[in-house]
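File shown: run10.pdb. Contents: PDB, C-alpha atoms.
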MODEL        1
ATOM      1  CA  MET A   1      72.203 -33.962  93.687  1.00  0.00           C
ATOM      2  CA  SER A   2      71.104 -37.427  94.755  1.00  0.00           C
ATOM      3  CA  MET A   3      67.612 -38.627  95.603  1.00  0.00           C
ATOM      4  CA  ILE A   4      68.635 -38.734  99.255  1.00  0.00           C
ATOM      5  CA  ALA A   5      69.319 -35.029  99.354  1.00  0.00           C
ATOM      6  CA  SER A   6      65.886 -34.223  97.872  1.00  0.00           C
ATOM      7  CA  GLN A   7      63.589 -36.207 100.135  1.00  0.00           C
ATOM      8  CA  ILE A   8      62.742 -36.614 103.787  1.00  0.00           C
ATOM      9  CA  HIS A   9      63.367 -40.059 105.215  1.00  0.00           C
ATOM     10  CA  ASP A  10      61.241 -41.460 108.011  1.00  0.00           C
ATOM     11  CA  ILE A  11      63.967 -43.700 109.431  1.00  0.00           C
ATOM     12  CA  PHE A  12      67.695 -43.144 109.910  1.00  0.00           C
ATOM     13  CA  LEU A  13      69.165 -46.663 109.899  1.00  0.00           C
ATOM     14  CA  SER A  14      72.568 -47.153 111.510  1.00  0.00           C
ATOM     15  CA  HIS A  15      74.446 -50.413 110.952  1.00  0.00           C
ATOM     16  CA  ALA A  16      77.885 -51.829 110.267  1.00  0.00           C
ATOM     17  CA  ALA A  17      78.958 -52.458 106.685  1.00  0.00           C
ATOM     18  CA  SER A  18      79.473 -56.110 107.613  1.00  0.00           C
ATOM     19  CA  ASP A  19      75.802 -56.341 108.627  1.00  0.00           C
ATOM     20  CA  ARG A  20      74.492 -55.317 105.223  1.00  0.00           C
ATOM     21  CA  GLY A  21      72.510 -58.527 104.804  1.00  0.00           C
ATOM     22  CA  LEU A  22      70.671 -58.013 108.084  1.00  0.00           C
ATOM     23  CA  SER A  23      70.174 -54.303 107.435  1.00  0.00           C
ATOM     24  CA  THR A  24      68.687 -55.099 104.029  1.00  0.00           C
ATOM     25  CA  LEU A  25      66.115 -57.373 105.645  1.00  0.00           C
ATOM     26  CA  ILE A  26      65.263 -54.646 108.187  1.00  0.00           C
ATOM     27  CA  THR A  27      65.048 -52.007 105.460  1.00  0.00           C
ATOM     28  CA  THR A  28      62.714 -54.226 103.454  1.00  0.00           C
ATOM     29  CA  GLN A  29      60.331 -54.655 106.395  1.00  0.00           C
ATOM     30  CA  LEU A  30      60.390 -50.933 107.163  1.00  0.00           C
ATOM     31  CA  SER A  31      59.792 -50.064 103.511  1.00  0.00           C
ATOM     32  CA  ASP A  32      56.976 -52.596 103.217  1.00  0.00           C
ATOM     33  CA  ALA A  33      55.321 -50.768 106.125  1.00  0.00           C
ATOM     34  CA  GLY A  34      55.480 -47.527 104.156  1.00  0.00           C
ATOM     35  CA  LEU A  35      58.519 -46.042 105.914  1.00  0.00           C
ATOM     36  CA  SER A  36      61.271 -44.382 103.889  1.00  0.00           C
ATOM     37  CA  VAL A  37      64.725 -45.456 105.099  1.00  0.00           C
ATOM     38  CA  PHE A  38      68.031 -43.580 104.974  1.00  0.00           C
ATOM     39  CA  SER A  39      71.099 -45.802 104.988  1.00  0.00           C
ATOM     40  CA  LEU A  40      74.687 -45.045 104.075  1.00  0.00           C
ATOM     41  CA  ASP A  41      74.385 -47.905 101.590  1.00  0.00           C
ATOM     42  CA  ASP A  42      72.330 -45.491  99.476  1.00  0.00           C
ATOM     43  CA  VAL A  43      74.801 -42.600  99.473  1.00  0.00           C
ATOM     44  CA  ILE A  44      76.555 -42.160  96.159  1.00  0.00           C
ATOM     45  CA  VAL A  45      80.346 -42.392  96.386  1.00  0.00           C
ATOM     46  CA  GLY A  46      81.918 -38.965  96.220  1.00  0.00           C
ATOM     47  CA  GLU A  47      79.099 -37.100  97.931  1.00  0.00           C
ATOM     48  CA  ALA A  48      79.551 -35.231 101.200  1.00  0.00           C
ATOM     49  CA  VAL A  49      78.656 -38.198 103.392  1.00  0.00           C
ATOM     50  CA  ILE A  50      78.733 -36.330 106.703  1.00  0.00           C
ATOM     51  CA  GLN A  51      76.450 -33.630 105.317  1.00  0.00           C
ATOM     52  CA  GLU A  52      74.018 -36.264 104.027  1.00  0.00           C
ATOM     53  CA  MET A  53      74.011 -37.988 107.421  1.00  0.00           C
ATOM     54  CA  ARG A  54      73.369 -34.766 109.330  1.00  0.00           C
ATOM     55  CA  LYS A  55      70.497 -33.807 107.040  1.00  0.00           C
ATOM     56  CA  ALA A  56      68.870 -37.245 107.238  1.00  0.00           C
ATOM     57  CA  LEU A  57      69.282 -37.368 111.022  1.00  0.00           C
ATOM     58  CA  ALA A  58      67.770 -33.904 111.455  1.00  0.00           C
ATOM     59  CA  GLU A  59      64.742 -34.663 109.295  1.00  0.00           C
ATOM     60  CA  CYS A  60      63.937 -38.281 110.205  1.00  0.00           C
ATOM     61  CA  SER A  61      61.088 -39.378 112.458  1.00  0.00           C
ATOM     62  CA  ALA A  62      63.109 -42.041 114.266  1.00  0.00           C
ATOM     63  CA  VAL A  63      66.567 -43.591 114.470  1.00  0.00           C
ATOM     64  CA  VAL A  64      66.994 -47.367 114.263  1.00  0.00           C
ATOM     65  CA  ILE A  65      70.322 -48.806 115.369  1.00  0.00           C
ATOM     66  CA  VAL A  66      71.280 -52.365 114.466  1.00  0.00           C
ATOM     67  CA  LEU A  67      73.334 -53.718 117.365  1.00  0.00           C
ATOM     68  CA  THR A  68      75.415 -56.801 116.566  1.00  0.00           C
ATOM     69  CA  ARG A  69      78.868 -58.149 117.338  1.00  0.00           C
ATOM     70  CA  SER A  70      80.168 -55.798 114.674  1.00  0.00           C
ATOM     71  CA  THR A  71      78.780 -52.660 116.333  1.00  0.00           C
ATOM     72  CA  LEU A  72      78.770 -53.652 120.013  1.00  0.00           C
ATOM     73  CA  HIS A  73      81.980 -51.743 120.741  1.00  0.00           C
ATOM     74  CA  SER A  74      81.881 -49.293 117.843  1.00  0.00           C
ATOM     75  CA  PRO A  75      83.066 -45.788 118.862  1.00  0.00           C
ATOM     76  CA  SER A  76      80.537 -44.230 116.481  1.00  0.00           C
ATOM     77  CA  MET A  77      77.521 -45.664 118.315  1.00  0.00           C
ATOM     78  CA  PRO A  78      77.633 -43.327 121.356  1.00  0.00           C
ATOM     79  CA  PHE A  79      78.079 -40.384 118.978  1.00  0.00           C
ATOM     80  CA  GLU A  80      75.072 -41.332 116.836  1.00  0.00           C
ATOM     81  CA  VAL A  81      72.863 -42.005 119.855  1.00  0.00           C
ATOM     82  CA  GLY A  82      73.923 -38.721 121.450  1.00  0.00           C
ATOM     83  CA  ALA A  83      73.258 -36.776 118.263  1.00  0.00           C
ATOM     84  CA  ALA A  84      69.815 -38.344 117.917  1.00  0.00           C
ATOM     85  CA  MET A  85      68.890 -37.622 121.526  1.00  0.00           C
ATOM     86  CA  ALA A  86      70.122 -34.038 121.226  1.00  0.00           C
ATOM     87  CA  LEU A  87      67.644 -33.629 118.367  1.00  0.00           C
ATOM     88  CA  SER A  88      64.851 -35.231 120.436  1.00  0.00           C
ATOM     89  CA  LYS A  89      64.638 -38.204 118.087  1.00  0.00           C
ATOM     90  CA  PRO A  90      63.209 -41.500 119.367  1.00  0.00           C
ATOM     91  CA  VAL A  91      65.943 -44.153 119.163  1.00  0.00           C
ATOM     92  CA  PHE A  92      65.164 -47.834 118.637  1.00  0.00           C
ATOM     93  CA  VAL A  93      67.898 -50.426 119.200  1.00  0.00           C
ATOM     94  CA  LEU A  94      67.473 -53.746 117.391  1.00  0.00           C
ATOM     95  CA  TYR A  95      69.909 -56.334 118.707  1.00  0.00           C
ATOM     96  CA  ASP A  96      70.920 -59.575 117.041  1.00  0.00           C
ATOM     97  CA  GLY A  97      73.577 -62.071 118.108  1.00  0.00           C
ATOM     98  CA  VAL A  98      74.248 -60.356 121.451  1.00  0.00           C
ATOM     99  CA  SER A  99      72.675 -60.907 124.858  1.00  0.00           C
ATOM    100  CA  THR A 100      70.688 -58.262 126.703  1.00  0.00           C
ATOM    101  CA  GLU A 101      73.393 -58.238 129.389  1.00  0.00           C
ATOM    102  CA  GLU A 102      75.940 -57.102 126.793  1.00  0.00           C
ATOM    103  CA  ILE A 103      73.958 -54.083 125.635  1.00  0.00           C
ATOM    104  CA  PRO A 104      75.870 -50.902 126.598  1.00  0.00           C
ATOM    105  CA  LYS A 105      74.452 -48.924 129.517  1.00  0.00           C
ATOM    106  CA  PHE A 106      73.930 -45.786 127.425  1.00  0.00           C
ATOM    107  CA  MET A 107      71.485 -47.792 125.270  1.00  0.00           C
ATOM    108  CA  GLN A 108      69.539 -49.535 128.009  1.00  0.00           C
ATOM    109  CA  GLU A 109      67.122 -46.654 128.559  1.00  0.00           C
ATOM    110  CA  LEU A 110      66.222 -46.515 124.860  1.00  0.00           C
ATOM    111  CA  HIS A 111      63.649 -48.624 122.994  1.00  0.00           C
ATOM    112  CA  VAL A 112      65.585 -51.909 122.980  1.00  0.00           C
ATOM    113  CA  SER A 113      64.170 -54.920 121.140  1.00  0.00           C
ATOM    114  CA  SER A 114      65.290 -58.082 119.417  1.00  0.00           C
ATOM    115  CA  VAL A 115      65.318 -57.972 115.623  1.00  0.00           C
ATOM    116  CA  ALA A 116      62.553 -60.572 115.844  1.00  0.00           C
ATOM    117  CA  ASP A 117      60.347 -57.894 117.443  1.00  0.00           C
ATOM    118  CA  LEU A 118      60.721 -55.503 114.492  1.00  0.00           C
ATOM    119  CA  PRO A 119      56.967 -55.645 113.647  1.00  0.00           C
ATOM    120  CA  THR A 120      56.168 -54.242 117.109  1.00  0.00           C
ATOM    121  CA  VAL A 121      58.795 -51.525 116.671  1.00  0.00           C
ATOM    122  CA  ILE A 122      57.300 -50.610 113.301  1.00  0.00           C
ATOM    123  CA  GLU A 123      53.853 -50.337 114.872  1.00  0.00           C
ATOM    124  CA  THR A 124      55.218 -48.017 117.573  1.00  0.00           C
ATOM    125  CA  ILE A 125      56.913 -45.803 114.977  1.00  0.00           C
ATOM    126  CA  GLN A 126      53.784 -45.621 112.843  1.00  0.00           C
ATOM    127  CA  LYS A 127      51.609 -44.585 115.776  1.00  0.00           C
ATOM    128  CA  SER A 128      54.012 -41.748 116.570  1.00  0.00           C
ATOM    129  CA  ARG A 129      53.704 -40.502 112.982  1.00  0.00           C
ATOM    130  CA  GLU A 130      49.924 -40.257 112.767  1.00  0.00           C
ATOM    131  CA  PRO A 131      49.077 -37.057 110.874  1.00  0.00           C
ATOM    132  CA  LEU A 132      47.916 -33.932 112.639  1.00  0.00           C
ATOM    133  CA  THR A 133      44.362 -32.788 112.031  1.00  0.00           C
ATOM    134  CA  ASP A 134      43.804 -29.791 109.747  1.00  0.00           C
ATOM    135  CA  ASN A 135      42.931 -27.700 112.796  1.00  0.00           C
ATOM    136  CA  SER A 136      46.144 -28.750 114.560  1.00  0.00           C
ATOM    137  CA  VAL A 137      48.184 -27.865 111.477  1.00  0.00           C
ATOM    138  CA  ASP A 138      46.632 -24.392 111.502  1.00  0.00           C
ATOM    139  CA  VAL A 139      47.484 -24.013 115.193  1.00  0.00           C
ATOM    140  CA  LEU A 140      51.049 -25.166 114.536  1.00  0.00           C
ATOM    141  CA  ARG A 141      51.459 -22.632 111.728  1.00  0.00           C
ATOM    142  CA  ASP A 142      50.254 -19.812 113.993  1.00  0.00           C
ATOM    143  CA  VAL A 143      52.432 -20.927 116.911  1.00  0.00           C
ATOM    144  CA  TYR A 144      55.450 -21.200 114.605  1.00  0.00           C
ATOM    145  CA  VAL A 145      55.010 -17.610 113.427  1.00  0.00           C
ATOM    146  CA  HIS A 146      54.422 -16.355 116.976  1.00  0.00           C
ATOM    147  CA  HIS A 147      57.418 -18.295 118.289  1.00  0.00           C
ATOM    148  CA  GLY A 148      59.612 -16.682 115.632  1.00  0.00           C
ATOM    149  CA  VAL A 149      62.333 -19.346 115.403  1.00  0.00           C
ATOM    150  CA  PRO A 150      63.020 -20.803 111.910  1.00  0.00           C
ATOM    151  CA  THR A 151      63.009 -24.580 111.440  1.00  0.00           C
ATOM    152  CA  ASP A 152      66.776 -24.685 110.863  1.00  0.00           C
ATOM    153  CA  MET A 153      67.306 -23.124 114.285  1.00  0.00           C
ATOM    154  CA  LEU A 154      64.740 -25.391 115.939  1.00  0.00           C
ATOM    155  CA  MET A 155      66.776 -28.389 114.738  1.00  0.00           C
ATOM    156  CA  LEU A 156      69.788 -27.078 116.634  1.00  0.00           C
ATOM    157  CA  ASP A 157      68.079 -25.644 119.709  1.00  0.00           C
ATOM    158  CA  PRO A 158      66.192 -28.275 121.788  1.00  0.00           C
ATOM    159  CA  SER A 159      65.029 -25.655 124.312  1.00  0.00           C
ATOM    160  CA  SER A 160      63.326 -23.558 121.619  1.00  0.00           C
ATOM    161  CA  LEU A 161      61.737 -26.678 120.186  1.00  0.00           C
ATOM    162  CA  HIS A 162      60.478 -27.591 123.653  1.00  0.00           C
ATOM    163  CA  ASP A 163      58.975 -24.115 124.119  1.00  0.00           C
ATOM    164  CA  LEU A 164      57.234 -24.343 120.752  1.00  0.00           C
ATOM    165  CA  ALA A 165      55.788 -27.754 121.678  1.00  0.00           C
ATOM    166  CA  VAL A 166      54.520 -26.459 125.027  1.00  0.00           C
ATOM    167  CA  GLU A 167      52.781 -23.508 123.354  1.00  0.00           C
ATOM    168  CA  PHE A 168      51.309 -25.726 120.645  1.00  0.00           C
ATOM    169  CA  ASN A 169      49.975 -28.297 123.111  1.00  0.00           C
ATOM    170  CA  GLN A 170      48.443 -25.585 125.288  1.00  0.00           C
ATOM    171  CA  GLN A 171      46.617 -24.032 122.352  1.00  0.00           C
ATOM    172  CA  SER A 172      45.590 -27.255 120.626  1.00  0.00           C
ATOM    173  CA  GLY A 173      44.792 -29.361 123.680  1.00  0.00           C
ATOM    174  CA  ASN A 174      47.045 -32.099 122.307  1.00  0.00           C
ATOM    175  CA  SER A 175      50.141 -33.835 123.622  1.00  0.00           C
ATOM    176  CA  VAL A 176      52.580 -33.909 120.717  1.00  0.00           C
ATOM    177  CA  SER A 177      56.362 -34.134 121.010  1.00  0.00           C
ATOM    178  CA  GLY A 178      58.635 -31.379 119.775  1.00  0.00           C
ATOM    179  CA  GLN A 179      60.288 -33.817 117.389  1.00  0.00           C
ATOM    180  CA  ARG A 180      56.950 -34.708 115.809  1.00  0.00           C
ATOM    181  CA  LEU A 181      56.106 -31.019 115.369  1.00  0.00           C
ATOM    182  CA  LEU A 182      59.509 -30.340 113.842  1.00  0.00           C
ATOM    183  CA  GLN A 183      58.907 -33.131 111.359  1.00  0.00           C
ATOM    184  CA  GLU A 184      55.580 -31.569 110.382  1.00  0.00           C
ATOM    185  CA  LEU A 185      57.176 -28.119 110.014  1.00  0.00           C
ATOM    186  CA  ILE A 186      59.853 -29.565 107.727  1.00  0.00           C
ATOM    187  CA  ARG A 187      57.199 -31.221 105.583  1.00  0.00           C
ATOM    188  CA  MET A 188      55.248 -27.960 105.397  1.00  0.00           C
ATOM    189  CA  ARG A 189      58.400 -26.122 104.354  1.00  0.00           C
ATOM    190  CA  LYS A 190      59.166 -28.693 101.647  1.00  0.00           C
ATOM    191  CA  ARG A 191      55.666 -28.143 100.263  1.00  0.00           C
ATOM    192  CA  SER A 192      55.991 -24.324 100.470  1.00  0.00           C
ATOM    193  CA  ARG A 193      53.180 -24.178 103.023  1.00  0.00           C
ATOM    194  CA  LEU A 194      55.211 -22.730 105.886  1.00  0.00           C
ATOM    195  CA  PRO A 195      55.196 -18.948 106.447  1.00  0.00           C
ATOM    196  CA  ARG A 196      58.576 -17.245 106.472  1.00  0.00           C
ATOM    197  CA  ILE A 197      59.762 -15.903 109.802  1.00  0.00           C
ATOM    198  CA  LYS A 198      60.217 -12.160 109.567  1.00  0.00           C
ATOM    199  CA  LYS A 199      63.583 -10.931 110.802  1.00  0.00           C
ATOM    200  CA  ASN A 200      63.574  -8.051 113.253  1.00  0.00           C
TER     201      ASN A 200
ENDMDL
END

Would you mind writing the file's structure down as structure tokens?
Amino acid sequence: MSMIASQIHDIFLSHAASDRGLSTLITTQLSDAGLSVFSLDDVIVGEAVIQEMRKALAECSAVVIVLTRSTLHSPSMPFEVGAAMALSKPVFVLYDGVSTEEIPKFMQELHVSSVADLPTVIETIQKSREPLTDNSVDVLRDVYVHHGVPTDMLMLDPSSLHDLAVEFNQQSGNSVSGQRLLQELIRMRKRSRLPRIKKN
């Protein structure tokens, strides 16, 4: 088992192999800000790459897509964006070497910024990851048990995740996204602090 399979990554970084130099610079800035980055560059040859990607995408806090000439017309980009949105993940597009007019329509409603604006993007991501208070964590644990849907199912069922978030926000008086709550539930499970859902 690799290190990737045993840890939760904050950022799922998508980029072309030919943009490795640029992606390394982005990864360095993200890492320096305390964010753990998943990139296919880190996957050991011979592992189940698709499985690793799905796991990292499901557990990350945000998806960062590096849009360059190499990826502008890539058929995998719509798939990755769609998968991220289906999981209620915030998607940040960092463009370099292309004009704003060239950015595909399906990306224009996302968080689109120049690579030069990466520090601002990092700040936005960090704010969205501020820890829940101890009281909020207790509320989340109770709501999770009452809701009765395991984390693995919440990853695959956006409507159930939405319902859980609505119930949590009503009880806690907060306004937290379903994705953020899912991330917290995954962390609690990794630390063996999440109650098991009893099967009927």

Next on the checklist: Quick check on the file I pasted: which residues fall under the PyMOL selection byres ((chain A and resi 91) around 12)? Write them as a PyMOL selection string.
Outcome noted: chain A and resi 11-14+57+60-66+77-78+80-90+92-94+106-113+121+124-125+179

Spatial neighbours of A:Ser70, max dist 12 Å, all atoms listed in the file, sep filter under 3 positions, as a PDB file with C-alpha atoms, in the coordinates of the input:
ATOM      1  CA  SER A  14      72.568 -47.153 111.510  1.00  0.00           C
ATOM      2  CA  HIS A  15      74.446 -50.413 110.952  1.00  0.00           C
ATOM      3  CA  ALA A  16      77.885 -51.829 110.267  1.00  0.00           C
ATOM      4  CA  ALA A  17      78.958 -52.458 106.685  1.00  0.00           C
ATOM      5  CA  SER A  18      79.473 -56.110 107.613  1.00  0.00           C
ATOM      6  CA  ASP A  19      75.802 -56.341 108.627  1.00  0.00           C
ATOM      7  CA  ARG A  20      74.492 -55.317 105.223  1.00  0.00           C
ATOM      8  CA  LEU A  22      70.671 -58.013 108.084  1.00  0.00           C
ATOM      9  CA  VAL A  66      71.280 -52.365 114.466  1.00  0.00           C
ATOM     10  CA  LEU A  67      73.334 -53.718 117.365  1.00  0.00           C
ATOM     11  CA  HIS A  73      81.980 -51.743 120.741  1.00  0.00           C
ATOM     12  CA  SER A  74      81.881 -49.293 117.843  1.00  0.00           C
ATOM     13  CA  PRO A  75      83.066 -45.788 118.862  1.00  0.00           C
ATOM     14  CA  SER A  76      80.537 -44.230 116.481  1.00  0.00           C
ATOM     15  CA  MET A  77      77.521 -45.664 118.315  1.00  0.00           C
ATOM     16  CA  TYR A  95      69.909 -56.334 118.707  1.00  0.00           C
ATOM     17  CA  ASP A  96      70.920 -59.575 117.041  1.00  0.00           C
ATOM     18  CA  GLY A  97      73.577 -62.071 118.108  1.00  0.00           C
ATOM     19  CA  VAL A  98      74.248 -60.356 121.451  1.00  0.00           C
TER      20      VAL A  98
END

Item to check | Spatial neighbours of stretch 148-154 of chain A, 9 Å, all atoms listed in the file, chain gap at least 4 places, as a ChimeraX atom specification | outcome: /A:143-144,158-161,164,182,185-186,189,196-199

Checklist entry - atom CA of A:Ile122 and atom CA of A:Thr100, how far apart in Å? => result 20.4 Å

Checklist entry - Between A:Arg187, A:His146, A:Lys55, A:Arg129, which is the closest to A:Asp163 once you count all atoms listed in the file? => result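 That would be A:His146, the residue with the smallest distance to A:Asp163.
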
Checklist outcome for this item: From atom CA of A:Arg54 to atom CA of A:Asp138 the spacing works out at 28.8 Å

Checklist entry - What gap, in Å, lies between atom CA of A:Asp157 and atom CA of A:Gln171? => result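 Separation of atom CA of A:Asp157 and atom CA of A:Gln171: 21.7 Å.
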
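Within a radius of 8 Å around (70.6, -51.8, 103.0), the polymer residues are Arg20, Gly21, Ser23, Thr24, Leu25, Ile26, Thr27, Ser39, Leu40, Asp41 and Asp42 of chain A, counting all atoms listed in the file.
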
Checklist entry - Quick one: of A:Ala56, A:Leu118, A:Ile50, A:Met188, who's nearest to A:His9, counting all atoms listed in the file? => result A:Ala56

I'd like the contact shell of A:Ser177 - 9 Å cut-off, all atoms listed in the file, skipping same-chain residues fewer than 4 positions apart - returned as a PDB file with C-alpha atoms, in the coordinates of the input.
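Below is the file that was written, part-v9.pdb:
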ATOM      1  CA  SER A  88      64.851 -35.231 120.436  1.00  0.00           C
ATOM      2  CA  HIS A 162      60.478 -27.591 123.653  1.00  0.00           C
ATOM      3  CA  ALA A 165      55.788 -27.754 121.678  1.00  0.00           C
ATOM      4  CA  VAL A 166      54.520 -26.459 125.027  1.00  0.00           C
ATOM      5  CA  ASN A 169      49.975 -28.297 123.111  1.00  0.00           C
ATOM      6  CA  LEU A 181      56.106 -31.019 115.369  1.00  0.00           C
ATOM      7  CA  LEU A 182      59.509 -30.340 113.842  1.00  0.00           C
TER       8      LEU A 182
END

How would stretch 15-36 of chain A look with N, CA and C atoms restored, written as a PDB file, in the coordinates of the input?
ATOM      1  N   HIS A  15      73.986 -49.014 110.896  1.00  0.00           N
ATOM      2  CA  HIS A  15      74.446 -50.413 110.952  1.00  0.00           C
ATOM      3  C   HIS A  15      75.879 -50.503 110.446  1.00  0.00           C
ATOM      4  N   ALA A  16      76.523 -51.602 110.749  1.00  0.00           N
ATOM      5  CA  ALA A  16      77.885 -51.829 110.267  1.00  0.00           C
ATOM      6  C   ALA A  16      77.844 -52.318 108.828  1.00  0.00           C
ATOM      7  N   ALA A  17      78.886 -52.006 108.070  1.00  0.00           N
ATOM      8  CA  ALA A  17      78.958 -52.458 106.685  1.00  0.00           C
ATOM      9  C   ALA A  17      78.903 -53.983 106.605  1.00  0.00           C
ATOM     10  N   SER A  18      79.461 -54.643 107.605  1.00  0.00           N
ATOM     11  CA  SER A  18      79.473 -56.110 107.613  1.00  0.00           C
ATOM     12  C   SER A  18      78.105 -56.710 107.900  1.00  0.00           C
ATOM     13  N   ASP A  19      77.163 -55.870 108.337  1.00  0.00           N
ATOM     14  CA  ASP A  19      75.802 -56.341 108.627  1.00  0.00           C
ATOM     15  C   ASP A  19      74.821 -55.958 107.516  1.00  0.00           C
ATOM     16  N   ARG A  20      75.339 -55.787 106.318  1.00  0.00           N
ATOM     17  CA  ARG A  20      74.492 -55.317 105.223  1.00  0.00           C
ATOM     18  C   ARG A  20      73.331 -56.265 104.938  1.00  0.00           C
ATOM     19  N   GLY A  21      73.577 -57.559 105.049  1.00  0.00           N
ATOM     20  CA  GLY A  21      72.510 -58.527 104.804  1.00  0.00           C
ATOM     21  C   GLY A  21      71.355 -58.341 105.767  1.00  0.00           C
ATOM     22  N   LEU A  22      71.687 -58.210 107.053  1.00  0.00           N
ATOM     23  CA  LEU A  22      70.671 -58.013 108.084  1.00  0.00           C
ATOM     24  C   LEU A  22      69.978 -56.662 107.899  1.00  0.00           C
ATOM     25  N   SER A  23      70.754 -55.636 107.601  1.00  0.00           N
ATOM     26  CA  SER A  23      70.174 -54.303 107.435  1.00  0.00           C
ATOM     27  C   SER A  23      69.243 -54.258 106.225  1.00  0.00           C
ATOM     28  N   THR A  24      69.555 -55.037 105.203  1.00  0.00           N
ATOM     29  CA  THR A  24      68.687 -55.099 104.029  1.00  0.00           C
ATOM     30  C   THR A  24      67.338 -55.709 104.387  1.00  0.00           C
ATOM     31  N   LEU A  25      67.362 -56.753 105.204  1.00  0.00           N
ATOM     32  CA  LEU A  25      66.115 -57.373 105.645  1.00  0.00           C
ATOM     33  C   LEU A  25      65.281 -56.392 106.476  1.00  0.00           C
ATOM     34  N   ILE A  26      65.961 -55.639 107.356  1.00  0.00           N
ATOM     35  CA  ILE A  26      65.263 -54.646 108.187  1.00  0.00           C
ATOM     36  C   ILE A  26      64.697 -53.540 107.317  1.00  0.00           C
ATOM     37  N   THR A  27      65.507 -53.057 106.367  1.00  0.00           N
ATOM     38  CA  THR A  27      65.048 -52.007 105.460  1.00  0.00           C
ATOM     39  C   THR A  27      63.830 -52.458 104.671  1.00  0.00           C
ATOM     40  N   THR A  28      63.834 -53.699 104.220  1.00  0.00           N
ATOM     41  CA  THR A  28      62.714 -54.226 103.454  1.00  0.00           C
ATOM     42  C   THR A  28      61.432 -54.218 104.275  1.00  0.00           C
ATOM     43  N   GLN A  29      61.518 -54.642 105.538  1.00  0.00           N
ATOM     44  CA  GLN A  29      60.331 -54.655 106.395  1.00  0.00           C
ATOM     45  C   GLN A  29      59.838 -53.242 106.683  1.00  0.00           C
ATOM     46  N   LEU A  30      60.765 -52.325 106.917  1.00  0.00           N
ATOM     47  CA  LEU A  30      60.390 -50.933 107.163  1.00  0.00           C
ATOM     48  C   LEU A  30      59.731 -50.327 105.916  1.00  0.00           C
ATOM     49  N   SER A  31      60.321 -50.596 104.766  1.00  0.00           N
ATOM     50  CA  SER A  31      59.792 -50.064 103.511  1.00  0.00           C
ATOM     51  C   SER A  31      58.423 -50.651 103.197  1.00  0.00           C
ATOM     52  N   ASP A  32      58.260 -51.946 103.458  1.00  0.00           N
ATOM     53  CA  ASP A  32      56.976 -52.596 103.217  1.00  0.00           C
ATOM     54  C   ASP A  32      55.875 -51.998 104.091  1.00  0.00           C
ATOM     55  N   ALA A  33      56.281 -51.413 105.222  1.00  0.00           N
ATOM     56  CA  ALA A  33      55.321 -50.768 106.125  1.00  0.00           C
ATOM     57  C   ALA A  33      55.083 -49.312 105.746  1.00  0.00           C
ATOM     58  N   GLY A  34      55.696 -48.888 104.635  1.00  0.00           N
ATOM     59  CA  GLY A  34      55.480 -47.527 104.156  1.00  0.00           C
ATOM     60  C   GLY A  34      56.438 -46.502 104.718  1.00  0.00           C
ATOM     61  N   LEU A  35      57.544 -46.950 105.316  1.00  0.00           N
ATOM     62  CA  LEU A  35      58.519 -46.042 105.914  1.00  0.00           C
ATOM     63  C   LEU A  35      59.732 -45.899 105.004  1.00  0.00           C
ATOM     64  N   SER A  36      60.100 -44.654 104.719  1.00  0.00           N
ATOM     65  CA  SER A  36      61.271 -44.382 103.889  1.00  0.00           C
ATOM     66  C   SER A  36      62.523 -44.452 104.756  1.00  0.00           C
TER      67      SER A  36
END
